[in-house]
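Structure below is input.tsv: TSV, C-alpha atoms.
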```
chain	number	residue	atom	x	y	z
F	1	MET	CA	8.90	145.82	221.70
F	2	ARG	CA	11.44	143.06	222.34
F	3	GLU	CA	10.29	139.79	223.89
F	4	ILE	CA	12.32	138.04	226.58
F	5	SER	CA	11.22	134.68	227.89
F	6	ALA	CA	10.62	134.06	231.57
F	7	GLY	CA	12.66	130.89	231.12
F	8	ALA	CA	15.69	132.96	230.11
F	9	VAL	CA	15.30	134.99	233.29
F	10	THR	CA	15.13	131.82	235.39
F	11	GLY	CA	18.19	130.28	233.78
F	12	THR	CA	20.21	133.48	234.12
F	13	VAL	CA	19.33	133.94	237.80
F	14	ALA	CA	20.23	130.30	238.51
F	15	ARG	CA	23.63	130.69	236.88
F	16	LEU	CA	24.42	134.08	238.42
F	17	PHE	CA	23.79	132.99	242.00
F	18	GLN	CA	26.04	129.97	241.59
F	19	GLU	CA	28.80	132.03	239.98
F	20	ALA	CA	28.51	134.71	242.67
F	21	ASN	CA	28.90	132.11	245.41
F	22	PHE	CA	31.83	130.35	243.72
F	23	GLU	CA	33.83	133.14	242.08
F	24	LEU	CA	35.15	136.28	243.77
F	25	ALA	CA	35.24	139.07	241.19
F	26	GLU	CA	38.56	140.34	239.87
F	27	ASP	CA	38.02	143.85	241.24
F	28	VAL	CA	37.63	142.44	244.76
F	29	LYS	CA	40.73	140.26	244.43
F	30	ALA	CA	42.73	143.19	243.08
F	31	ALA	CA	41.63	145.32	246.05
F	32	LEU	CA	42.62	142.54	248.44
F	33	ARG	CA	46.05	142.17	246.83
F	34	ALA	CA	46.58	145.93	247.10
F	35	ALA	CA	45.45	145.80	250.74
F	36	LEU	CA	47.99	143.05	251.42
F	37	GLU	CA	50.76	145.43	250.35
F	38	ARG	CA	49.49	148.21	252.62
F	39	GLU	CA	48.61	146.19	255.71
F	40	GLU	CA	51.05	146.81	258.56
F	41	SER	CA	49.89	144.03	260.87
F	42	ALA	CA	51.39	140.55	260.52
F	43	GLU	CA	48.09	139.01	261.61
F	44	GLY	CA	46.23	141.18	259.12
F	45	ARG	CA	48.50	140.15	256.26
F	46	GLU	CA	47.99	136.50	257.19
F	47	VAL	CA	44.22	136.95	257.12
F	48	ILE	CA	44.24	138.61	253.69
F	49	THR	CA	46.56	135.91	252.33
F	50	ARG	CA	44.13	133.22	253.51
F	51	ILE	CA	41.17	135.10	252.02
F	52	LEU	CA	42.88	135.15	248.63
F	53	GLU	CA	43.79	131.46	248.90
F	54	ASN	CA	40.19	130.67	249.78
F	55	ALA	CA	38.96	132.55	246.71
F	56	GLU	CA	41.25	130.55	244.44
F	57	ALA	CA	40.18	127.25	246.01
F	58	ALA	CA	36.47	128.09	245.75
F	59	ALA	CA	36.72	128.90	242.05
F	60	ARG	CA	38.88	125.84	241.34
F	61	GLU	CA	36.63	123.40	243.19
F	62	ALA	CA	33.28	125.13	242.41
F	63	VAL	CA	32.41	125.34	246.10
F	64	PRO	CA	31.02	128.31	248.05
F	65	LEU	CA	33.39	131.08	249.07
F	66	CYS	CA	31.60	131.23	252.43
F	67	GLN	CA	29.34	128.85	254.33
F	68	ASP	CA	26.74	131.66	254.47
F	69	CYS	CA	25.48	131.56	250.89
F	70	GLY	CA	23.27	134.54	251.57
F	71	LEU	CA	19.73	135.68	251.31
F	72	ALA	CA	18.99	136.14	247.60
F	73	VAL	CA	18.84	139.81	246.60
F	74	VAL	CA	18.10	140.59	242.94
F	75	PHE	CA	18.28	143.92	241.13
F	76	LEU	CA	16.30	144.11	237.88
F	77	GLU	CA	16.79	146.98	235.44
F	78	VAL	CA	13.89	146.41	233.04
F	79	GLY	CA	13.89	148.24	229.73
F	80	GLN	CA	10.54	149.89	229.06
F	81	GLU	CA	10.53	148.35	225.58
F	82	ALA	CA	11.11	144.82	226.90
F	83	HIS	CA	8.22	142.38	227.28
F	84	ILE	CA	8.39	139.23	229.40
F	85	VAL	CA	6.62	136.29	227.81
F	86	GLY	CA	5.84	132.84	229.12
F	87	GLY	CA	5.46	133.70	232.76
F	88	ASP	CA	5.67	136.23	235.56
F	89	ILE	CA	9.08	137.86	236.02
F	90	THR	CA	9.07	137.64	239.83
F	91	ALA	CA	8.08	133.98	239.70
F	92	ALA	CA	10.84	133.41	237.13
F	93	VAL	CA	13.41	135.03	239.44
F	94	ASN	CA	12.31	132.91	242.39
F	95	GLU	CA	12.49	129.73	240.34
F	96	GLY	CA	16.02	130.69	239.34
F	97	VAL	CA	16.94	131.09	243.01
F	98	ARG	CA	15.49	127.65	243.79
F	99	GLN	CA	17.47	126.05	240.99
F	100	ALA	CA	20.70	127.82	241.95
F	101	TYR	CA	20.62	126.80	245.59
F	102	ARG	CA	19.54	123.24	244.80
F	103	GLU	CA	21.90	122.53	241.91
F	104	GLY	CA	24.85	124.42	243.43
F	105	TYR	CA	24.46	122.76	246.83
F	106	LEU	CA	24.31	126.21	248.39
F	107	ARG	CA	23.18	126.68	251.98
F	108	LYS	CA	19.53	127.68	252.14
F	109	SER	CA	19.15	130.39	254.75
F	110	ALA	CA	15.69	131.88	254.20
F	111	VAL	CA	13.09	131.36	256.93
F	112	ARG	CA	9.36	132.11	256.90
F	113	ARG	CA	7.62	133.58	259.95
F	114	PRO	CA	10.87	135.24	261.02
F	115	TYR	CA	9.32	136.55	264.23
F	116	SER	CA	8.04	133.16	265.48
F	117	ALA	CA	8.46	129.68	263.97
F	118	ARG	CA	11.45	130.60	261.75
F	119	GLU	CA	10.84	127.63	259.46
F	120	ASN	CA	13.34	127.25	256.62
F	121	THR	CA	11.67	127.79	253.25
F	122	GLY	CA	13.78	124.91	251.93
F	123	ASP	CA	14.83	126.61	248.71
F	124	ASN	CA	16.15	130.06	249.71
F	125	ALA	CA	13.17	131.69	248.01
F	126	PRO	CA	11.57	134.15	247.83
F	127	ALA	CA	14.21	136.59	246.73
F	128	VAL	CA	14.31	140.25	247.70
F	129	VAL	CA	13.68	141.86	244.29
F	130	HIS	CA	14.34	145.51	243.46
F	131	THR	CA	12.92	146.52	240.06
F	132	GLU	CA	13.72	149.69	238.15
F	133	ILE	CA	12.22	150.68	234.80
F	134	VAL	CA	14.89	152.08	232.47
F	135	PRO	CA	15.08	153.10	228.79
F	136	GLY	CA	15.74	150.39	226.20
F	137	ASP	CA	14.58	146.88	225.38
F	138	ARG	CA	16.85	144.78	227.58
F	139	ILE	CA	16.89	143.51	231.14
F	140	LYS	CA	19.93	143.68	233.39
F	141	ILE	CA	19.87	141.10	236.18
F	142	THR	CA	22.18	141.41	239.16
F	143	ALA	CA	22.34	138.62	241.73
F	144	MET	CA	23.63	139.51	245.19
F	145	PRO	CA	23.80	136.79	247.86
F	146	LYS	CA	23.88	138.86	251.07
F	147	GLY	CA	25.19	137.19	254.21
F	148	ALA	CA	23.72	137.94	257.63
F	149	GLY	CA	26.97	138.83	259.40
F	150	ALA	CA	27.41	142.00	257.37
F	151	GLU	CA	23.71	142.71	256.77
F	152	ASN	CA	22.97	142.64	260.51
F	153	MET	CA	25.29	145.63	260.96
F	154	THR	CA	23.16	147.85	258.68
F	155	ARG	CA	22.23	151.19	260.24
F	156	LEU	CA	19.96	154.11	259.38
F	157	ALA	CA	20.15	157.63	260.83
F	158	MET	CA	17.80	160.51	260.18
F	159	LEU	CA	20.29	163.27	260.90
F	160	THR	CA	19.40	166.92	261.24
F	161	PRO	CA	20.68	168.97	258.30
F	162	ALA	CA	22.97	170.88	260.68
F	163	ARG	CA	25.03	167.72	261.19
F	164	GLY	CA	26.20	168.02	257.58
F	165	ARG	CA	29.31	166.37	256.17
F	166	ARG	CA	30.92	165.90	259.60
F	167	GLY	CA	27.82	164.18	260.89
F	168	ILE	CA	27.87	161.71	258.01
F	169	ILE	CA	31.54	160.83	258.54
F	170	ASP	CA	31.01	160.38	262.28
F	171	PHE	CA	27.93	158.19	261.80
F	172	VAL	CA	29.62	155.88	259.28
F	173	ALA	CA	32.75	155.55	261.43
F	174	GLU	CA	30.66	154.86	264.52
F	175	THR	CA	28.70	152.19	262.66
F	176	VAL	CA	31.87	150.41	261.51
F	177	ASP	CA	33.45	150.73	264.95
F	178	ARG	CA	30.45	149.21	266.71
F	179	ALA	CA	30.29	146.42	264.13
F	180	GLY	CA	33.86	145.40	264.92
F	181	SER	CA	34.69	141.96	263.54
F	182	ASN	CA	31.05	140.91	263.06
F	183	PRO	CA	30.80	141.84	259.35
F	184	CYS	CA	34.09	140.03	258.52
F	185	PRO	CA	36.38	142.87	257.45
F	186	PRO	CA	38.05	144.07	255.33
F	187	LEU	CA	34.80	145.65	254.21
F	188	ILE	CA	33.24	147.50	251.37
F	189	VAL	CA	31.19	150.23	253.04
F	190	GLY	CA	28.03	151.26	251.20
F	191	VAL	CA	26.67	154.68	252.16
F	192	GLY	CA	23.34	156.15	251.09
F	193	ILE	CA	22.71	159.86	251.57
F	194	GLY	CA	19.46	161.71	250.97
F	195	GLY	CA	15.98	160.82	249.81
F	196	THR	CA	13.70	159.24	252.36
F	197	ALA	CA	14.44	156.45	254.84
F	198	GLU	CA	13.70	153.65	252.37
F	199	LYS	CA	15.45	155.43	249.48
F	200	THR	CA	18.69	155.99	251.35
F	201	MET	CA	18.69	152.37	252.55
F	202	LEU	CA	18.41	151.17	248.95
F	203	LEU	CA	21.14	153.59	247.86
F	204	SER	CA	23.51	152.17	250.45
F	205	LYS	CA	23.00	148.65	249.14
F	206	LYS	CA	23.25	149.61	245.48
F	207	ALA	CA	26.51	151.39	246.26
F	208	LEU	CA	28.03	147.97	246.96
F	209	LEU	CA	27.55	147.00	243.30
F	210	ARG	CA	30.09	149.53	242.06
F	211	PRO	CA	33.54	148.11	241.17
F	212	VAL	CA	35.60	148.14	244.36
F	213	GLY	CA	37.41	151.43	244.80
F	214	GLU	CA	35.82	153.16	241.79
F	215	PRO	CA	35.04	156.68	243.05
F	216	ASN	CA	31.71	158.41	242.70
F	217	SER	CA	31.56	160.40	239.45
F	218	ASP	CA	30.72	163.51	241.48
F	219	ALA	CA	33.92	165.10	242.82
F	220	GLU	CA	32.39	166.21	246.11
F	221	ALA	CA	30.93	162.76	246.82
F	222	ALA	CA	34.24	161.14	245.84
F	223	GLY	CA	36.06	163.37	248.31
F	224	LEU	CA	33.63	162.35	251.04
F	225	GLU	CA	34.26	158.68	250.23
F	226	GLY	CA	37.99	159.19	250.61
F	227	GLU	CA	37.67	160.97	253.94
F	228	ILE	CA	35.36	158.29	255.34
F	229	LEU	CA	37.74	155.54	254.16
F	230	GLU	CA	40.68	157.19	255.90
F	231	THR	CA	38.66	157.60	259.09
F	232	VAL	CA	37.46	154.00	259.03
F	233	ASN	CA	40.96	152.64	258.42
F	234	ASN	CA	42.25	154.61	261.39
F	235	LEU	CA	39.91	152.67	263.70
F	236	GLY	CA	42.45	149.83	263.97
F	237	ILE	CA	39.92	146.99	263.63
F	238	GLY	CA	41.84	145.40	260.76
F	239	PRO	CA	41.20	142.22	258.77
F	240	MET	CA	38.72	139.95	260.59
F	241	GLY	CA	39.13	142.14	263.67
F	242	TYR	CA	42.73	141.09	264.41
F	243	GLY	CA	43.92	144.69	264.28
F	244	GLY	CA	45.67	146.55	261.51
F	245	ARG	CA	45.42	149.26	258.90
F	246	ILE	CA	42.89	147.77	256.47
F	247	THR	CA	39.42	147.71	258.02
F	248	ALA	CA	37.81	148.67	254.70
F	249	LEU	CA	38.84	148.17	251.09
F	250	ALA	CA	36.60	150.97	249.86
F	251	VAL	CA	33.78	153.33	250.72
F	252	HIS	CA	31.11	153.85	248.08
F	253	ALA	CA	28.55	156.62	248.61
F	254	GLU	CA	25.43	157.31	246.56
F	255	VAL	CA	23.64	160.64	246.96
F	256	PHE	CA	20.04	161.70	246.27
F	257	PRO	CA	18.24	165.00	246.97
F	258	SER	CA	16.52	165.18	250.35
F	259	HIS	CA	13.81	167.19	252.07
F	260	ILE	CA	14.96	170.57	253.43
F	261	GLY	CA	14.27	169.36	256.96
F	262	SER	CA	16.17	166.06	256.94
F	263	LEU	CA	19.47	164.37	256.18
F	264	PRO	CA	18.93	160.60	255.91
F	265	VAL	CA	22.08	158.46	255.99
F	266	ALA	CA	22.29	154.67	255.70
F	267	VAL	CA	25.25	152.33	256.02
F	268	ASN	CA	25.22	148.86	254.47
F	269	LEU	CA	28.36	146.84	255.08
F	270	GLN	CA	29.69	144.16	252.76
F	271	CYS	CA	32.19	141.60	254.02
F	272	HIS	CA	35.39	140.77	252.15
F	273	CYS	CA	33.38	138.07	250.36
F	274	ALA	CA	31.79	140.69	248.11
F	275	ARG	CA	29.53	138.58	245.92
F	276	HIS	CA	27.47	139.85	243.00
F	277	LYS	CA	27.18	138.95	239.33
F	278	SER	CA	25.29	140.62	236.49
F	279	GLN	CA	24.00	139.70	233.03
F	280	VAL	CA	22.10	141.65	230.39
F	281	LEU	CA	19.39	139.82	228.45
```
If you convert what's in this file into structure tokens, what do you get?
Amino acid sequence: MREISAGAVTGTVARLFQEANFELAEDVKAALRAALEREESAEGREVITRILENAEAAAREAVPLCQDCGLAVVFLEVGQEAHIVGGDITAAVNEGVRQAYREGYLRKSAVRRPYSARENTGDNAPAVVHTEIVPGDRIKITAMPKGAGAENMTRLAMLTPARGRRGIIDFVAETVDRAGSNPCPPLIVGVGIGGTAEKTMLLSKKALLRPVGEPNSDAEAAGLEGEILETVNNLGIGPMGYGGRITALAVHAEVFPSHIGSLPVAVNLQCHCARHKSQVL
């Protein structure tokens, strides 16, 4: 059994959320540069150029990439041989969120009583925490600040099995088309397929953590990703909705077995400001 202090969790979460808000990952920037070469629209090329300039300025000045610094989403992969000492792991995560948003001067966007008073919590806590028990004695922490513009476009469909592959492609394309410029394209499109309603929703969000453009390891799923990407980029929405070829940088699909009587599909969109950082303790 390996001991990991709650304080180490707090410090790591605090650092990761600041880094995620200040530094656009190299895989995202590489995808944007490649998109700039392929974009046919002058307005679209201008948008992508400004996005890349913004990313460089944010990293240089240690300021947020976007004014929406996101609701704090945290993925924990906890090794079954790891033991947290000195505090509760969820409390440690939430304290890390508080420190990150206070010390990094990040916009605090969490509200309590979301259906009535909508009072700001003042510290962007509590985080949305997804915990998975895995082999080993380490903990992988992934911080994902998720902005509302893209998150609000999330959709779930409980398709009939007869809809099949074509039904999935049509649903994803329809979701992106209806979203238009709201999620700030060019997008990374996360798709969950299978499981139950809550499982496929989680799959669609976890799909966004994959390096941009890295295909699914399953050949059939990778082929589906490519077909959806082509369909989405033929919609003509383009960067920030100004029209053009590049509505999405990538489509990432994660697949899980489903009940014989259902075909759950979820779409979780990520804006061009694709923010997430990870650390293993």
Could you list as a ChimeraX atom specification every residue that has an atom within 9 Å of (28.0, 140.6, 233.8), using the file's coordinates and counting only C-alpha atoms? /F:16,140-142,277-280
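Counting only C-alpha atoms, segment 107-124 of chain F has the following residues at most 12 Å away, ignoring those fewer than 5 positions along the same chain: Ala14, Phe17, Gln18, Asn21, Val63, Pro64, Leu65, Cys66, Gln67, Asp68, Cys69, Gly70, Leu71, Ala72, Val73, Val93, Asn94, Glu95, Gly96, Val97, Arg98, Gln99, Ala100, Tyr101, Arg102, Pro145, Lys146, Gly147 and Ala148 of chain F.
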When you count all atoms listed in the file, which of these residues is closest to Glu61 of chain F: F:Val85, F:Thr49, F:Phe22, F:Ala197?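 Selected residue with least distance to Glu61 of chain F: F:Phe22.
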Close residues, segment 151-165 of chain F itself excluded, 7 Å, all atoms listed in the file, min 6 positions apart in chain, as a PyMOL selection string: chain F and resi 175+179+183+261-269
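You can rank F:Asp177, F:Asn54, F:Leu36, F:Leu281 by their closest distance to Gly11 of chain F using all atoms listed in the file, and at the top of that list sits F:Leu281.
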Which residues come within 10 Å of Ala31 of chain F, counting only C-alpha atoms, excluding same-chain residues fewer than 3 positions away, as a PDB file with C-alpha atoms, in the coordinates of the input?
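around_5.pdb written:
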```pdb
ATOM      1  CA  GLU F  26      38.560 140.340 239.870  1.00  0.00           C
ATOM      2  CA  ASP F  27      38.020 143.850 241.240  1.00  0.00           C
ATOM      3  CA  VAL F  28      37.630 142.440 244.760  1.00  0.00           C
ATOM      4  CA  ALA F  34      46.580 145.930 247.100  1.00  0.00           C
ATOM      5  CA  ALA F  35      45.450 145.800 250.740  1.00  0.00           C
ATOM      6  CA  LEU F  36      47.990 143.050 251.420  1.00  0.00           C
ATOM      7  CA  PRO F 211      33.540 148.110 241.170  1.00  0.00           C
ATOM      8  CA  VAL F 212      35.600 148.140 244.360  1.00  0.00           C
ATOM      9  CA  GLY F 213      37.410 151.430 244.800  1.00  0.00           C
ATOM     10  CA  LEU F 249      38.840 148.170 251.090  1.00  0.00           C
ATOM     11  CA  ALA F 250      36.600 150.970 249.860  1.00  0.00           C
ATOM     12  CA  HIS F 272      35.390 140.770 252.150  1.00  0.00           C
TER      13      HIS F 272
END
```
Contact residues around segment 257-260 of chain F with only C-alpha atoms at 10 Å, ignoring same-chain residues under 6 positions, as a PyMOL selection string: chain F and resi 160-161+193-196+199-200
Just the number, please: distance in Å from atom CA of Ala91 of chain F to atom CA of Gly79 of chain F, one decimal. 18.3 Å
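Shortest atom-to-atom contact with Ile4 of chain F among F:Glu23, F:Glu46, F:Glu81, F:Glu39: F:Glu81, counting only C-alpha atoms.
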Which one is closest to Gln270 of chain F: F:Ile228, F:Val74, F:Ala248, F:Val128? Count all atoms listed in the file. F:Ala248
Name the residues in contact with Leu229 of chain F at a cut-off of 12 Å, using all atoms listed in the file, excluding same-chain residues fewer than 6 positions from it; report them as a list in words.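 What passes the distance filter is Ile169, Asp170, Val172, Ala173, Val176, Pro186, Leu187, Ile188, Val189, Gly190, Val191, Gly213, Pro215, Ala222, Gly223, Leu235, Arg245, Ile246, Thr247, Ala248, Leu249, Ala250, Val251, His252 and Ala253 of chain F.
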With C-alpha atoms retained, write the just-selected residues as an mmCIF file, keeping the file's coordinate frame.
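As a result, selection.cif now contains:
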```
data_model
loop_
_atom_site.group_PDB
_atom_site.id
_atom_site.type_symbol
_atom_site.label_atom_id
_atom_site.label_comp_id
_atom_site.auth_asym_id
_atom_site.auth_seq_id
_atom_site.Cartn_x
_atom_site.Cartn_y
_atom_site.Cartn_z
ATOM 1 C CA ILE F 169 31.540 160.830 258.540
ATOM 2 C CA ASP F 170 31.010 160.380 262.280
ATOM 3 C CA VAL F 172 29.620 155.880 259.280
ATOM 4 C CA ALA F 173 32.750 155.550 261.430
ATOM 5 C CA VAL F 176 31.870 150.410 261.510
ATOM 6 C CA PRO F 186 38.050 144.070 255.330
ATOM 7 C CA LEU F 187 34.800 145.650 254.210
ATOM 8 C CA ILE F 188 33.240 147.500 251.370
ATOM 9 C CA VAL F 189 31.190 150.230 253.040
ATOM 10 C CA GLY F 190 28.030 151.260 251.200
ATOM 11 C CA VAL F 191 26.670 154.680 252.160
ATOM 12 C CA GLY F 213 37.410 151.430 244.800
ATOM 13 C CA PRO F 215 35.040 156.680 243.050
ATOM 14 C CA ALA F 222 34.240 161.140 245.840
ATOM 15 C CA GLY F 223 36.060 163.370 248.310
ATOM 16 C CA LEU F 235 39.910 152.670 263.700
ATOM 17 C CA ARG F 245 45.420 149.260 258.900
ATOM 18 C CA ILE F 246 42.890 147.770 256.470
ATOM 19 C CA THR F 247 39.420 147.710 258.020
ATOM 20 C CA ALA F 248 37.810 148.670 254.700
ATOM 21 C CA LEU F 249 38.840 148.170 251.090
ATOM 22 C CA ALA F 250 36.600 150.970 249.860
ATOM 23 C CA VAL F 251 33.780 153.330 250.720
ATOM 24 C CA HIS F 252 31.110 153.850 248.080
ATOM 25 C CA ALA F 253 28.550 156.620 248.610
#
```
Can you work out which one of F:Ala82, F:Ala58, F:Leu52, F:Ala150 has the shortest atom-to-atom distance to Ile133 of chain F, counting all atoms listed in the file?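 For Ile133 of chain F, the nearest of the given residues is F:Ala82.
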What separation in Å, quoted to one decimal, exists between atom CA of Ser41 of chain F and atom CA of Gly241 of chain F?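 Between these atoms lies a distance of 11.3 Å.
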Could you jot down the atom CA of Leu208 of chain F to atom CA of Ala274 of chain F separation for me, Å, one decimal place? 8.3 Å
Would you save segment 213-240 of chain F from the block above with N, CA and C atoms, as a PDB file, in the first residue's frame?
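Result written to result-v5.pdb:
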```pdb
ATOM      1  N   GLY F 213      -7.280  14.409 -32.493  1.00  0.00           N
ATOM      2  CA  GLY F 213      -7.045  13.730 -33.762  1.00  0.00           C
ATOM      3  C   GLY F 213      -6.518  12.328 -33.638  1.00  0.00           C
ATOM      4  N   GLU F 214      -6.213  11.860 -32.419  1.00  0.00           N
ATOM      5  CA  GLU F 214      -5.747  10.483 -32.244  1.00  0.00           C
ATOM      6  C   GLU F 214      -6.939   9.554 -32.413  1.00  0.00           C
ATOM      7  N   PRO F 215      -6.916   8.638 -33.378  1.00  0.00           N
ATOM      8  CA  PRO F 215      -8.088   7.805 -33.635  1.00  0.00           C
ATOM      9  C   PRO F 215      -8.304   6.756 -32.552  1.00  0.00           C
ATOM     10  N   ASN F 216      -9.527   6.301 -32.442  1.00  0.00           N
ATOM     11  CA  ASN F 216      -9.843   5.182 -31.564  1.00  0.00           C
ATOM     12  C   ASN F 216      -8.993   3.979 -31.963  1.00  0.00           C
ATOM     13  N   SER F 217      -8.566   3.197 -30.980  1.00  0.00           N
ATOM     14  CA  SER F 217      -7.711   2.035 -31.271  1.00  0.00           C
ATOM     15  C   SER F 217      -8.466   0.936 -32.005  1.00  0.00           C
ATOM     16  N   ASP F 218      -9.803   0.986 -31.947  1.00  0.00           N
ATOM     17  CA  ASP F 218     -10.622   0.021 -32.677  1.00  0.00           C
ATOM     18  C   ASP F 218     -10.861   0.554 -34.092  1.00  0.00           C
ATOM     19  N   ALA F 219     -10.548  -0.249 -35.096  1.00  0.00           N
ATOM     20  CA  ALA F 219     -10.610   0.204 -36.483  1.00  0.00           C
ATOM     21  C   ALA F 219     -12.015   0.627 -36.896  1.00  0.00           C
ATOM     22  N   GLU F 220     -13.016  -0.111 -36.457  1.00  0.00           N
ATOM     23  CA  GLU F 220     -14.393   0.234 -36.831  1.00  0.00           C
ATOM     24  C   GLU F 220     -14.804   1.569 -36.226  1.00  0.00           C
ATOM     25  N   ALA F 221     -14.469   1.776 -34.949  1.00  0.00           N
ATOM     26  CA  ALA F 221     -14.790   3.041 -34.286  1.00  0.00           C
ATOM     27  C   ALA F 221     -14.020   4.187 -34.919  1.00  0.00           C
ATOM     28  N   ALA F 222     -12.759   3.940 -35.291  1.00  0.00           N
ATOM     29  CA  ALA F 222     -11.957   4.983 -35.944  1.00  0.00           C
ATOM     30  C   ALA F 222     -12.564   5.376 -37.289  1.00  0.00           C
ATOM     31  N   GLY F 223     -13.075   4.393 -38.021  1.00  0.00           N
ATOM     32  CA  GLY F 223     -13.725   4.691 -39.286  1.00  0.00           C
ATOM     33  C   GLY F 223     -14.981   5.527 -39.100  1.00  0.00           C
ATOM     34  N   LEU F 224     -15.735   5.231 -38.040  1.00  0.00           N
ATOM     35  CA  LEU F 224     -16.920   6.021 -37.726  1.00  0.00           C
ATOM     36  C   LEU F 224     -16.536   7.454 -37.387  1.00  0.00           C
ATOM     37  N   GLU F 225     -15.472   7.632 -36.620  1.00  0.00           N
ATOM     38  CA  GLU F 225     -14.993   8.977 -36.293  1.00  0.00           C
ATOM     39  C   GLU F 225     -14.687   9.772 -37.558  1.00  0.00           C
ATOM     40  N   GLY F 226     -14.000   9.134 -38.500  1.00  0.00           N
ATOM     41  CA  GLY F 226     -13.641   9.818 -39.731  1.00  0.00           C
ATOM     42  C   GLY F 226     -14.845  10.219 -40.554  1.00  0.00           C
ATOM     43  N   GLU F 227     -15.853   9.344 -40.608  1.00  0.00           N
ATOM     44  CA  GLU F 227     -17.046   9.657 -41.389  1.00  0.00           C
ATOM     45  C   GLU F 227     -17.846  10.790 -40.745  1.00  0.00           C
ATOM     46  N   ILE F 228     -17.933  10.766 -39.409  1.00  0.00           N
ATOM     47  CA  ILE F 228     -18.637  11.853 -38.720  1.00  0.00           C
ATOM     48  C   ILE F 228     -17.909  13.172 -38.937  1.00  0.00           C
ATOM     49  N   LEU F 229     -16.573  13.156 -38.851  1.00  0.00           N
ATOM     50  CA  LEU F 229     -15.796  14.387 -39.032  1.00  0.00           C
ATOM     51  C   LEU F 229     -16.029  14.974 -40.416  1.00  0.00           C
ATOM     52  N   GLU F 230     -16.021  14.129 -41.431  1.00  0.00           N
ATOM     53  CA  GLU F 230     -16.258  14.614 -42.795  1.00  0.00           C
ATOM     54  C   GLU F 230     -17.655  15.221 -42.911  1.00  0.00           C
ATOM     55  N   THR F 231     -18.639  14.559 -42.316  1.00  0.00           N
ATOM     56  CA  THR F 231     -20.012  15.052 -42.380  1.00  0.00           C
ATOM     57  C   THR F 231     -20.150  16.393 -41.672  1.00  0.00           C
ATOM     58  N   VAL F 232     -19.545  16.492 -40.492  1.00  0.00           N
ATOM     59  CA  VAL F 232     -19.611  17.735 -39.716  1.00  0.00           C
ATOM     60  C   VAL F 232     -18.927  18.879 -40.470  1.00  0.00           C
ATOM     61  N   ASN F 233     -17.793  18.606 -41.077  1.00  0.00           N
ATOM     62  CA  ASN F 233     -17.061  19.668 -41.773  1.00  0.00           C
ATOM     63  C   ASN F 233     -17.683  20.045 -43.113  1.00  0.00           C
ATOM     64  N   ASN F 234     -18.667  19.283 -43.546  1.00  0.00           N
ATOM     65  CA  ASN F 234     -19.429  19.661 -44.734  1.00  0.00           C
ATOM     66  C   ASN F 234     -20.644  20.522 -44.387  1.00  0.00           C
ATOM     67  N   LEU F 235     -20.848  20.801 -43.089  1.00  0.00           N
ATOM     68  CA  LEU F 235     -21.991  21.623 -42.683  1.00  0.00           C
ATOM     69  C   LEU F 235     -21.802  23.093 -43.055  1.00  0.00           C
ATOM     70  N   GLY F 236     -20.539  23.529 -43.173  1.00  0.00           N
ATOM     71  CA  GLY F 236     -20.261  24.905 -43.572  1.00  0.00           C
ATOM     72  C   GLY F 236     -20.328  25.927 -42.446  1.00  0.00           C
ATOM     73  N   ILE F 237     -20.387  25.478 -41.197  1.00  0.00           N
ATOM     74  CA  ILE F 237     -20.458  26.418 -40.062  1.00  0.00           C
ATOM     75  C   ILE F 237     -19.144  27.191 -39.955  1.00  0.00           C
ATOM     76  N   GLY F 238     -18.039  26.469 -39.965  1.00  0.00           N
ATOM     77  CA  GLY F 238     -16.723  27.095 -39.967  1.00  0.00           C
ATOM     78  C   GLY F 238     -16.309  27.688 -38.635  1.00  0.00           C
ATOM     79  N   PRO F 239     -15.065  28.181 -38.562  1.00  0.00           N
ATOM     80  CA  PRO F 239     -14.540  28.753 -37.316  1.00  0.00           C
ATOM     81  C   PRO F 239     -15.407  29.889 -36.787  1.00  0.00           C
ATOM     82  N   MET F 240     -15.824  29.750 -35.549  1.00  0.00           N
ATOM     83  CA  MET F 240     -16.669  30.729 -34.843  1.00  0.00           C
ATOM     84  C   MET F 240     -17.958  31.053 -35.595  1.00  0.00           C
TER      85      MET F 240
END
```
